[in-house]
>>> print(open('data_22.cif').read())   # mmCIF, C-alpha atoms
data_work
#
loop_
_atom_site.group_PDB
_atom_site.id
_atom_site.type_symbol
_atom_site.label_atom_id
_atom_site.label_comp_id
_atom_site.auth_asym_id
_atom_site.auth_seq_id
_atom_site.Cartn_x
_atom_site.Cartn_y
_atom_site.Cartn_z
ATOM 1 C CA MET A 309 -24.318 142.500 -30.210
ATOM 2 C CA ASP A 310 -27.668 141.663 -28.625
ATOM 3 C CA THR A 311 -29.059 143.303 -25.483
ATOM 4 C CA LEU A 312 -28.526 140.250 -23.295
ATOM 5 C CA SER A 313 -24.810 140.033 -24.052
ATOM 6 C CA VAL A 314 -24.378 143.786 -23.420
ATOM 7 C CA ALA A 315 -26.158 143.480 -20.075
ATOM 8 C CA ASP A 316 -24.138 140.366 -19.210
ATOM 9 C CA GLY A 317 -20.900 142.198 -20.090
ATOM 10 C CA ARG A 318 -21.842 145.136 -17.876
ATOM 11 C CA GLY A 319 -22.857 142.780 -15.088
ATOM 12 C CA ARG A 320 -19.553 140.931 -15.301
ATOM 13 C CA ARG A 321 -17.695 144.242 -15.321
ATOM 14 C CA ALA A 322 -19.670 145.410 -12.238
ATOM 15 C CA LEU A 323 -18.812 142.174 -10.420
ATOM 16 C CA ALA A 324 -15.151 142.596 -11.365
ATOM 17 C CA VAL A 325 -15.112 146.189 -10.066
ATOM 18 C CA SER A 326 -16.857 145.098 -6.864
ATOM 19 C CA SER A 327 -14.279 142.323 -6.403
ATOM 20 C CA LEU A 328 -11.483 144.837 -6.874
ATOM 21 C CA PHE A 329 -13.091 147.059 -4.219
ATOM 22 C CA PHE A 330 -12.576 144.227 -1.731
ATOM 23 C CA PHE A 331 -9.106 143.392 -3.020
ATOM 24 C CA PHE A 332 -7.828 146.967 -2.727
ATOM 25 C CA SER A 333 -9.599 147.506 0.611
ATOM 26 C CA PHE A 334 -7.607 144.520 1.880
ATOM 27 C CA VAL A 335 -4.378 145.756 0.255
ATOM 28 C CA GLY A 336 -4.927 149.165 1.895
ATOM 29 C CA TRP A 337 -5.442 147.516 5.277
ATOM 30 C CA ALA A 338 -2.297 145.379 4.831
ATOM 31 C CA TRP A 339 -0.315 148.433 3.670
ATOM 32 C CA GLU A 340 -1.312 150.372 6.779
ATOM 33 C CA LYS A 341 -0.546 147.447 9.105
ATOM 34 C CA LEU A 342 2.892 147.100 7.522
ATOM 35 C CA TRP A 343 3.534 150.855 7.570
ATOM 36 C CA PHE A 344 2.681 151.158 11.277
ATOM 37 C CA PHE A 345 4.743 148.093 12.128
ATOM 38 C CA ILE A 346 7.798 149.443 10.287
ATOM 39 C CA ALA A 347 7.378 153.092 11.343
ATOM 40 C CA LEU A 348 6.243 152.589 14.950
ATOM 41 C CA GLY A 349 7.239 149.022 15.693
ATOM 42 C CA LYS A 350 3.723 148.073 16.766
ATOM 43 C CA ASN A 351 0.838 146.029 15.484
ATOM 44 C CA ALA A 352 -1.697 148.856 15.193
ATOM 45 C CA ASP A 353 -5.402 148.211 14.740
ATOM 46 C CA ARG A 354 -6.242 149.798 11.381
ATOM 47 C CA GLY A 355 -9.618 150.763 10.055
ATOM 48 C CA PHE A 356 -13.111 150.820 11.500
ATOM 49 C CA LEU A 357 -14.159 147.271 10.689
ATOM 50 C CA PHE A 358 -13.284 144.024 12.430
ATOM 51 C CA LEU A 359 -12.603 142.574 8.967
ATOM 52 C CA PRO A 360 -9.133 143.189 7.486
ATOM 53 C CA LEU A 361 -10.404 145.950 5.189
ATOM 54 C CA CYS A 362 -9.843 149.711 4.951
ATOM 55 C CA THR A 363 -12.733 150.501 2.643
ATOM 56 C CA VAL A 364 -11.618 154.082 1.984
ATOM 57 C CA TYR A 365 -8.973 152.593 -0.337
ATOM 58 C CA GLY A 366 -11.420 150.445 -2.287
ATOM 59 C CA SER A 367 -14.070 153.183 -2.369
ATOM 60 C CA ALA A 368 -11.691 155.819 -3.695
ATOM 61 C CA LEU A 369 -10.367 153.511 -6.411
ATOM 62 C CA VAL A 370 -13.858 152.480 -7.515
ATOM 63 C CA LEU A 371 -14.881 156.138 -7.677
ATOM 64 C CA ILE A 372 -11.768 156.946 -9.718
ATOM 65 C CA ARG A 373 -12.460 153.938 -11.986
ATOM 66 C CA LEU A 374 -16.018 155.146 -12.606
ATOM 67 C CA LEU A 375 -15.161 158.832 -13.091
ATOM 68 C CA LEU A 376 -11.780 158.705 -14.827
ATOM 69 C CA ARG A 377 -11.607 155.159 -16.189
ATOM 70 C CA PHE A 378 -7.892 154.517 -16.886
ATOM 71 C CA PRO A 379 -4.830 156.646 -17.671
ATOM 72 C CA ALA A 380 -4.077 156.972 -21.370
ATOM 73 C CA VAL A 381 -0.866 155.038 -21.942
ATOM 74 C CA ASP A 382 -1.007 154.548 -25.700
ATOM 75 C CA ARG A 383 -0.054 158.079 -26.718
ATOM 76 C CA GLN A 384 3.352 159.354 -27.845
ATOM 77 C CA TYR A 385 5.725 161.272 -25.596
ATOM 78 C CA PRO A 386 5.232 163.992 -24.254
ATOM 79 C CA VAL A 387 1.439 163.713 -24.591
ATOM 80 C CA ASN A 388 1.439 160.414 -22.670
ATOM 81 C CA LEU A 389 3.367 161.977 -19.775
ATOM 82 C CA LEU A 390 1.081 165.005 -19.652
ATOM 83 C CA ALA A 391 -2.021 162.785 -19.809
ATOM 84 C CA PHE A 392 -0.613 160.585 -17.020
ATOM 85 C CA LEU A 393 0.146 163.610 -14.810
ATOM 86 C CA GLY A 394 -3.326 165.048 -15.505
ATOM 87 C CA TYR A 395 -4.875 161.720 -14.542
ATOM 88 C CA ALA A 396 -2.707 161.601 -11.390
ATOM 89 C CA ALA A 397 -3.821 165.117 -10.407
ATOM 90 C CA ALA A 398 -7.502 164.275 -10.912
ATOM 91 C CA ALA A 399 -7.071 160.976 -9.033
ATOM 92 C CA ALA A 400 -5.337 162.821 -6.181
ATOM 93 C CA LEU A 401 -8.259 165.245 -5.906
ATOM 94 C CA ILE A 402 -10.811 162.418 -5.805
ATOM 95 C CA ALA A 403 -8.816 160.339 -3.310
ATOM 96 C CA THR A 404 -8.186 163.386 -1.119
ATOM 97 C CA ALA A 405 -11.883 164.289 -1.135
ATOM 98 C CA ALA A 406 -12.747 160.687 -0.195
ATOM 99 C CA GLU A 407 -10.148 160.721 2.578
ATOM 100 C CA LEU A 408 -11.431 164.023 3.998
ATOM 101 C CA ALA A 409 -15.101 162.996 3.782
ATOM 102 C CA THR A 410 -14.399 159.631 5.412
ATOM 103 C CA GLY A 411 -12.335 161.175 8.190
ATOM 104 C CA LEU A 412 -14.947 163.803 9.007
ATOM 105 C CA LEU A 413 -17.822 161.320 8.803
ATOM 106 C CA PHE A 414 -16.229 158.879 11.224
ATOM 107 C CA GLU A 415 -15.141 161.578 13.642
ATOM 108 C CA TYR A 416 -18.518 163.294 13.811
ATOM 109 C CA ALA A 417 -20.793 160.254 13.425
ATOM 110 C CA PHE A 418 -18.870 157.761 15.554
ATOM 111 C CA GLY A 419 -16.345 159.805 17.507
ATOM 112 C CA ALA A 420 -13.593 157.751 15.869
ATOM 113 C CA ARG A 421 -10.484 159.452 14.519
ATOM 114 C CA LEU A 422 -8.977 156.823 12.239
ATOM 115 C CA TRP A 423 -5.800 158.704 11.224
ATOM 116 C CA SER A 424 -4.044 162.023 11.631
ATOM 117 C CA TYR A 425 -1.652 164.001 9.468
ATOM 118 C CA ARG A 426 -1.243 166.674 12.137
ATOM 119 C CA GLY A 427 2.219 168.158 11.892
ATOM 120 C CA ALA A 428 2.606 167.177 8.246
ATOM 121 C CA PRO A 429 3.227 170.019 5.778
ATOM 122 C CA TYR A 430 0.123 171.630 4.318
ATOM 123 C CA GLU A 431 -2.314 169.518 6.339
ATOM 124 C CA PHE A 432 -6.001 170.329 6.709
ATOM 125 C CA CYS A 433 -7.921 169.240 9.824
ATOM 126 C CA GLY A 434 -5.335 166.482 10.239
ATOM 127 C CA TYR A 435 -7.186 164.379 7.656
ATOM 128 C CA ILE A 436 -5.406 165.360 4.461
ATOM 129 C CA CYS A 437 -2.038 166.819 3.536
ATOM 130 C CA LEU A 438 -0.459 167.861 0.268
ATOM 131 C CA PRO A 439 2.541 165.469 0.166
ATOM 132 C CA VAL A 440 0.319 162.432 0.785
ATOM 133 C CA SER A 441 -2.236 163.623 -1.785
ATOM 134 C CA VAL A 442 0.481 164.009 -4.443
ATOM 135 C CA ALA A 443 1.897 160.580 -3.605
ATOM 136 C CA TRP A 444 -1.563 158.997 -3.756
ATOM 137 C CA GLY A 445 -2.242 160.594 -7.137
ATOM 138 C CA LEU A 446 0.931 159.193 -8.669
ATOM 139 C CA LEU A 447 0.483 155.793 -7.041
ATOM 140 C CA ILE A 448 -3.166 155.544 -8.095
ATOM 141 C CA ALA A 449 -2.388 156.465 -11.714
ATOM 142 C CA THR A 450 0.284 153.757 -11.795
ATOM 143 C CA VAL A 451 -1.933 151.147 -10.115
ATOM 144 C CA MET A 452 -4.922 151.875 -12.352
ATOM 145 C CA ALA A 453 -2.804 151.423 -15.488
ATOM 146 C CA ALA A 454 -0.572 148.537 -14.428
ATOM 147 C CA VAL A 455 -2.607 146.554 -11.873
ATOM 148 C CA TRP A 456 -6.333 147.387 -11.868
ATOM 149 C CA ARG A 457 -6.903 147.171 -15.627
ATOM 150 C CA PRO A 458 -5.288 143.707 -16.055
ATOM 151 C CA LEU A 459 -7.024 142.378 -12.930
ATOM 152 C CA GLU A 460 -10.403 143.707 -14.070
ATOM 153 C CA ASN A 461 -9.908 142.125 -17.503
ATOM 154 C CA LEU A 462 -9.036 138.838 -15.814
ATOM 155 C CA LEU A 463 -12.006 138.949 -13.418
ATOM 156 C CA VAL A 464 -14.590 139.515 -16.171
ATOM 157 C CA ARG A 465 -13.691 136.002 -17.382
ATOM 158 C CA VAL A 466 -14.455 134.385 -13.996
ATOM 159 C CA PRO A 467 -17.857 132.654 -13.968
ATOM 160 C CA SER A 468 -20.542 135.141 -12.913
ATOM 161 C CA ALA A 469 -22.160 132.679 -10.498
ATOM 162 C CA PHE A 470 -18.922 132.335 -8.525
ATOM 163 C CA LEU A 471 -18.062 136.038 -8.561
ATOM 164 C CA GLY A 472 -21.646 137.026 -7.753
ATOM 165 C CA THR A 473 -21.829 134.660 -4.777
ATOM 166 C CA ALA A 474 -18.424 135.754 -3.463
ATOM 167 C CA ASN A 475 -19.365 139.430 -3.787
ATOM 168 C CA ALA A 476 -22.758 138.919 -2.121
ATOM 169 C CA LEU A 477 -21.124 137.145 0.834
ATOM 170 C CA LEU A 478 -18.433 139.819 1.147
ATOM 171 C CA TRP A 479 -20.978 142.670 1.010
ATOM 172 C CA LEU A 480 -23.091 140.900 3.639
ATOM 173 C CA ALA A 481 -20.036 140.443 5.875
ATOM 174 C CA VAL A 482 -19.071 144.124 5.519
ATOM 175 C CA ALA A 483 -22.623 145.291 6.233
ATOM 176 C CA LEU A 484 -22.846 143.125 9.371
ATOM 177 C CA ASP A 485 -19.370 144.192 10.493
ATOM 178 C CA PHE A 486 -20.237 147.858 9.999
ATOM 179 C CA CYS A 487 -23.471 147.494 11.968
ATOM 180 C CA LEU A 488 -21.646 145.764 14.839
ATOM 181 C CA GLN A 489 -18.966 148.457 14.901
ATOM 182 C CA ALA A 490 -21.522 151.283 14.683
ATOM 183 C CA ALA A 491 -23.546 149.750 17.534
ATOM 184 C CA ALA A 492 -20.382 149.503 19.638
ATOM 185 C CA HIS A 493 -19.786 153.251 19.199
ATOM 186 C CA PHE A 494 -23.256 154.255 20.390
#
>>> encode(input="data_22.cif", output="structure tokens")
Amino acid sequence: MDTLSVADGRGRRALAVSSLFFFFSFVGWAWEKLWFFIALGKNADRGFLFLPLCTVYGSALVLIRLLLRFPAVDRQYPVNLLAFLGYAAAAALIATAAELATGLLFEYAFGARLWSYRGAPYEFCGYICLPVSVAWGLLIATVMAAVWRPLENLLVRVPSAFLGTANALLWLAVALDFCLQAAAHF
């Protein structure tokens, strides 16, 4: 394989991962909107951005993708179960760290408290709690194996010019949105 095709493959993979950042940031935003509507019966404003994105979801999944890759699903029982649970535990730690860092950053930098787990069992600073961390770990391991991997493999086949342009426009929109929101908080 020549250098150009290796670089092109990595570039396509990077564009696919970037696209999935936006996809899962949107899914996270939609999940939260639905959750608040069902649980509280109201259309709650979710996230920091004007855009329908909760980037903590996309950021955590990209970080997990880069650090852990994917759960091993091709091993025999019980090794596959143990590997899956190990992956889920590591994913939970990464997602929980991202959730805590994001919560603290937005509270102290912008005076914005985006969520609270106060009153939940084993919570810390209201930003993280053990039951949610365990649930996220299991959900992330499942999503990375059953959803992310097939989507990433599909997206690497999309023409780079299209994916590159779409990603550039989305990153520009997020950067502008963030700047507008940050300016509004100061």
>>> closest_residue(input="data_22.cif", among="A:Ala453, A:His493, A:Val464, A:Val440", to="Arg318 of chain A", atoms="only C-alpha atoms")
A:Val464
>>> resolve_selection(input="data_22.cif", expression="the PyMOL selection byres ((chain A and resi 369-384) around 7)", output="short mmCIF file (atom, residue, chain, number, x, y, z; two decimals) with C-alpha atoms, in the coordinates of the input")
data_model
loop_
_atom_site.label_atom_id
_atom_site.label_comp_id
_atom_site.auth_asym_id
_atom_site.auth_seq_id
_atom_site.Cartn_x
_atom_site.Cartn_y
_atom_site.Cartn_z
CA VAL A 325 -15.11 146.19 -10.07
CA PHE A 329 -13.09 147.06 -4.22
CA TYR A 365 -8.97 152.59 -0.34
CA GLY A 366 -11.42 150.44 -2.29
CA SER A 367 -14.07 153.18 -2.37
CA ALA A 368 -11.69 155.82 -3.70
CA TYR A 385 5.72 161.27 -25.60
CA PRO A 386 5.23 163.99 -24.25
CA VAL A 387 1.44 163.71 -24.59
CA ASN A 388 1.44 160.41 -22.67
CA ALA A 391 -2.02 162.78 -19.81
CA PHE A 392 -0.61 160.58 -17.02
CA TYR A 395 -4.88 161.72 -14.54
CA ALA A 399 -7.07 160.98 -9.03
CA ILE A 402 -10.81 162.42 -5.80
CA ALA A 449 -2.39 156.46 -11.71
CA MET A 452 -4.92 151.88 -12.35
CA ALA A 453 -2.80 151.42 -15.49
#
>>> resolve_selection(input="data_22.cif", expression="the PyMOL selection byres ((chain A and resi 421-428) around 12)", output="VMD selection string")
chain A and resid 340 344 352 to 357 362 364 407 to 408 410 to 420 429 to 441
>>> write_last_selection(input="data_22.cif", atoms="C-alpha atoms", output="PDB file, in the coordinates of the input")
ATOM      1  CA  GLU A 340      -1.312 150.372   6.779  1.00  0.00           C
ATOM      2  CA  PHE A 344       2.681 151.158  11.277  1.00  0.00           C
ATOM      3  CA  ALA A 352      -1.697 148.856  15.193  1.00  0.00           C
ATOM      4  CA  ASP A 353      -5.402 148.211  14.740  1.00  0.00           C
ATOM      5  CA  ARG A 354      -6.242 149.798  11.381  1.00  0.00           C
ATOM      6  CA  GLY A 355      -9.618 150.763  10.055  1.00  0.00           C
ATOM      7  CA  PHE A 356     -13.111 150.820  11.500  1.00  0.00           C
ATOM      8  CA  LEU A 357     -14.159 147.271  10.689  1.00  0.00           C
ATOM      9  CA  CYS A 362      -9.843 149.711   4.951  1.00  0.00           C
ATOM     10  CA  VAL A 364     -11.618 154.082   1.984  1.00  0.00           C
ATOM     11  CA  GLU A 407     -10.148 160.721   2.578  1.00  0.00           C
ATOM     12  CA  LEU A 408     -11.431 164.023   3.998  1.00  0.00           C
ATOM     13  CA  THR A 410     -14.399 159.631   5.412  1.00  0.00           C
ATOM     14  CA  GLY A 411     -12.335 161.175   8.190  1.00  0.00           C
ATOM     15  CA  LEU A 412     -14.947 163.803   9.007  1.00  0.00           C
ATOM     16  CA  LEU A 413     -17.822 161.320   8.803  1.00  0.00           C
ATOM     17  CA  PHE A 414     -16.229 158.879  11.224  1.00  0.00           C
ATOM     18  CA  GLU A 415     -15.141 161.578  13.642  1.00  0.00           C
ATOM     19  CA  TYR A 416     -18.518 163.294  13.811  1.00  0.00           C
ATOM     20  CA  ALA A 417     -20.793 160.254  13.425  1.00  0.00           C
ATOM     21  CA  PHE A 418     -18.870 157.761  15.554  1.00  0.00           C
ATOM     22  CA  GLY A 419     -16.345 159.805  17.507  1.00  0.00           C
ATOM     23  CA  ALA A 420     -13.593 157.751  15.869  1.00  0.00           C
ATOM     24  CA  PRO A 429       3.227 170.019   5.778  1.00  0.00           C
ATOM     25  CA  TYR A 430       0.123 171.630   4.318  1.00  0.00           C
ATOM     26  CA  GLU A 431      -2.314 169.518   6.339  1.00  0.00           C
ATOM     27  CA  PHE A 432      -6.001 170.329   6.709  1.00  0.00           C
ATOM     28  CA  CYS A 433      -7.921 169.240   9.824  1.00  0.00           C
ATOM     29  CA  GLY A 434      -5.335 166.482  10.239  1.00  0.00           C
ATOM     30  CA  TYR A 435      -7.186 164.379   7.656  1.00  0.00           C
ATOM     31  CA  ILE A 436      -5.406 165.360   4.461  1.00  0.00           C
ATOM     32  CA  CYS A 437      -2.038 166.819   3.536  1.00  0.00           C
ATOM     33  CA  LEU A 438      -0.459 167.861   0.268  1.00  0.00           C
ATOM     34  CA  PRO A 439       2.541 165.469   0.166  1.00  0.00           C
ATOM     35  CA  VAL A 440       0.319 162.432   0.785  1.00  0.00           C
ATOM     36  CA  SER A 441      -2.236 163.623  -1.785  1.00  0.00           C
TER      37      SER A 441
END
>>> residues_around(input="data_22.cif", residues="Ser326 of chain A", least_positions_apart="5", cutoff="12 Å", atoms="all atoms listed in the file", output="MDAnalysis selection string")
chainID A and resid 319:321 331:333 363 366:367 369:371 373:374 456 459:460 463:464 471:479
>>> axis_aligned_box(input="data_22.cif", around="segment 429-448 of chain A", padding_each_side="8 Å", output="AutoDock Vina command-line options")
--center_x -2.3 --center_y 163.6 --center_z 0.8 --size_x 27.1 --size_y 32.1 --size_z 34.9
>>> residues_near_point(input="data_22.cif", point="(-9.5, 145.8, 5.8)", cutoff="6 Å", atoms="only C-alpha atoms", output="number ranges by chain")
A: 333-334, 337, 359-362
>>> closest_residue(input="data_22.cif", among="A:Ala396, A:Ala492, A:Gly336, A:Leu484", to="Gly445 of chain A", atoms="only C-alpha atoms")
A:Ala396
>>> resolve_selection(input="data_22.cif", expression="the PyMOL selection byres ((chain A and resi 446) around 8)", output="ChimeraX atom specification")
/A:393,396-397,400,442-445,447-450
>>> atom_distance(input="data_22.cif", atom1="atom CA of Ser468 of chain A", atom2="atom CA of Asp485 of chain A")
25.1 Å
>>> closest_residue(input="data_22.cif", among="A:Val335, A:Ala491, A:Asn461, A:Val455", to="Ala322 of chain A", atoms="only C-alpha atoms")
A:Asn461
>>> atom_distance(input="data_22.cif", atom1="atom CA of Phe494 of chain A", atom2="atom CA of Leu480 of chain A")
21.4 Å
>>> atom_distance(input="data_22.cif", atom1="atom CA of Leu390 of chain A", atom2="atom CA of Thr404 of chain A")
20.8 Å
>>> decode(input="data_22.cif", residues="segment 350-384 of chain A", atoms="N, CA and C atoms", output="short mmCIF file (atom, residue, chain, number, x, y, z; two decimals), in the first residue's frame")
data_model
loop_
_atom_site.label_atom_id
_atom_site.label_comp_id
_atom_site.auth_asym_id
_atom_site.auth_seq_id
_atom_site.Cartn_x
_atom_site.Cartn_y
_atom_site.Cartn_z
N LYS A 350 -42.14 18.82 29.99
CA LYS A 350 -41.86 20.15 29.43
C LYS A 350 -40.78 20.06 28.36
N ASN A 351 -40.82 21.05 27.49
CA ASN A 351 -39.85 21.16 26.41
C ASN A 351 -38.65 21.95 26.94
N ALA A 352 -37.71 21.26 27.57
CA ALA A 352 -36.57 21.91 28.21
C ALA A 352 -35.50 22.25 27.19
N ASP A 353 -34.89 23.42 27.38
CA ASP A 353 -33.75 23.81 26.56
C ASP A 353 -32.56 23.00 27.02
N ARG A 354 -31.94 22.23 26.14
CA ARG A 354 -30.84 21.35 26.51
C ARG A 354 -29.56 21.78 25.84
N GLY A 355 -28.50 21.77 26.59
CA GLY A 355 -27.19 22.08 26.05
C GLY A 355 -26.86 23.56 26.16
N PHE A 356 -25.67 23.89 25.72
CA PHE A 356 -25.14 25.25 25.79
C PHE A 356 -25.33 25.97 24.47
N LEU A 357 -25.34 25.23 23.38
CA LEU A 357 -25.40 25.83 22.05
C LEU A 357 -26.84 26.13 21.62
N PHE A 358 -26.96 27.04 20.66
CA PHE A 358 -28.25 27.27 20.01
C PHE A 358 -28.58 26.09 19.10
N LEU A 359 -27.54 25.52 18.47
CA LEU A 359 -27.73 24.37 17.59
C LEU A 359 -28.24 23.16 18.38
N PRO A 360 -28.96 22.26 17.73
CA PRO A 360 -29.46 21.07 18.44
C PRO A 360 -28.36 20.03 18.63
N LEU A 361 -27.38 20.38 19.47
CA LEU A 361 -26.25 19.50 19.74
C LEU A 361 -25.88 19.57 21.22
N CYS A 362 -25.64 18.42 21.82
CA CYS A 362 -25.02 18.33 23.15
C CYS A 362 -23.66 17.68 22.89
N THR A 363 -22.65 18.52 22.75
CA THR A 363 -21.35 18.04 22.28
C THR A 363 -20.62 17.17 23.30
N VAL A 364 -21.07 17.14 24.54
CA VAL A 364 -20.42 16.25 25.51
C VAL A 364 -20.62 14.79 25.09
N TYR A 365 -21.74 14.48 24.45
CA TYR A 365 -21.99 13.12 23.96
C TYR A 365 -21.00 12.77 22.84
N GLY A 366 -20.94 13.62 21.83
CA GLY A 366 -20.04 13.36 20.71
C GLY A 366 -18.58 13.35 21.14
N SER A 367 -18.21 14.28 22.02
CA SER A 367 -16.82 14.36 22.48
C SER A 367 -16.41 13.10 23.24
N ALA A 368 -17.27 12.67 24.14
CA ALA A 368 -16.94 11.47 24.92
C ALA A 368 -16.81 10.24 24.02
N LEU A 369 -17.71 10.10 23.06
CA LEU A 369 -17.63 8.94 22.17
C LEU A 369 -16.41 8.98 21.26
N VAL A 370 -16.03 10.16 20.79
CA VAL A 370 -14.82 10.26 19.98
C VAL A 370 -13.60 9.91 20.83
N LEU A 371 -13.56 10.41 22.05
CA LEU A 371 -12.44 10.09 22.94
C LEU A 371 -12.36 8.59 23.20
N ILE A 372 -13.50 7.97 23.44
CA ILE A 372 -13.55 6.52 23.66
C ILE A 372 -13.12 5.79 22.40
N ARG A 373 -13.56 6.26 21.24
CA ARG A 373 -13.17 5.64 19.95
C ARG A 373 -11.67 5.70 19.77
N LEU A 374 -11.06 6.84 20.11
CA LEU A 374 -9.62 7.00 19.93
C LEU A 374 -8.81 6.21 20.95
N LEU A 375 -9.29 6.15 22.19
CA LEU A 375 -8.53 5.48 23.26
C LEU A 375 -8.78 3.97 23.32
N LEU A 376 -10.03 3.57 23.13
CA LEU A 376 -10.38 2.16 23.32
C LEU A 376 -10.69 1.42 22.02
N ARG A 377 -10.89 2.15 20.96
CA ARG A 377 -11.33 1.59 19.68
C ARG A 377 -12.72 0.96 19.84
N PHE A 378 -12.84 -0.36 19.69
CA PHE A 378 -14.15 -1.01 19.76
C PHE A 378 -14.09 -2.19 20.72
N PRO A 379 -15.25 -2.57 21.28
CA PRO A 379 -15.27 -3.78 22.12
C PRO A 379 -14.96 -5.03 21.29
N ALA A 380 -14.26 -5.94 21.89
CA ALA A 380 -13.96 -7.22 21.22
C ALA A 380 -15.22 -8.09 21.27
N VAL A 381 -15.75 -8.41 20.11
CA VAL A 381 -16.98 -9.20 20.06
C VAL A 381 -16.76 -10.56 19.40
N ASP A 382 -15.55 -10.79 18.94
CA ASP A 382 -15.28 -12.02 18.18
C ASP A 382 -14.64 -13.13 19.02
N ARG A 383 -14.68 -12.98 20.32
CA ARG A 383 -14.08 -14.00 21.20
C ARG A 383 -15.17 -14.95 21.70
N GLN A 384 -14.74 -16.09 22.23
CA GLN A 384 -15.67 -17.09 22.75
C GLN A 384 -16.10 -16.74 24.18
#
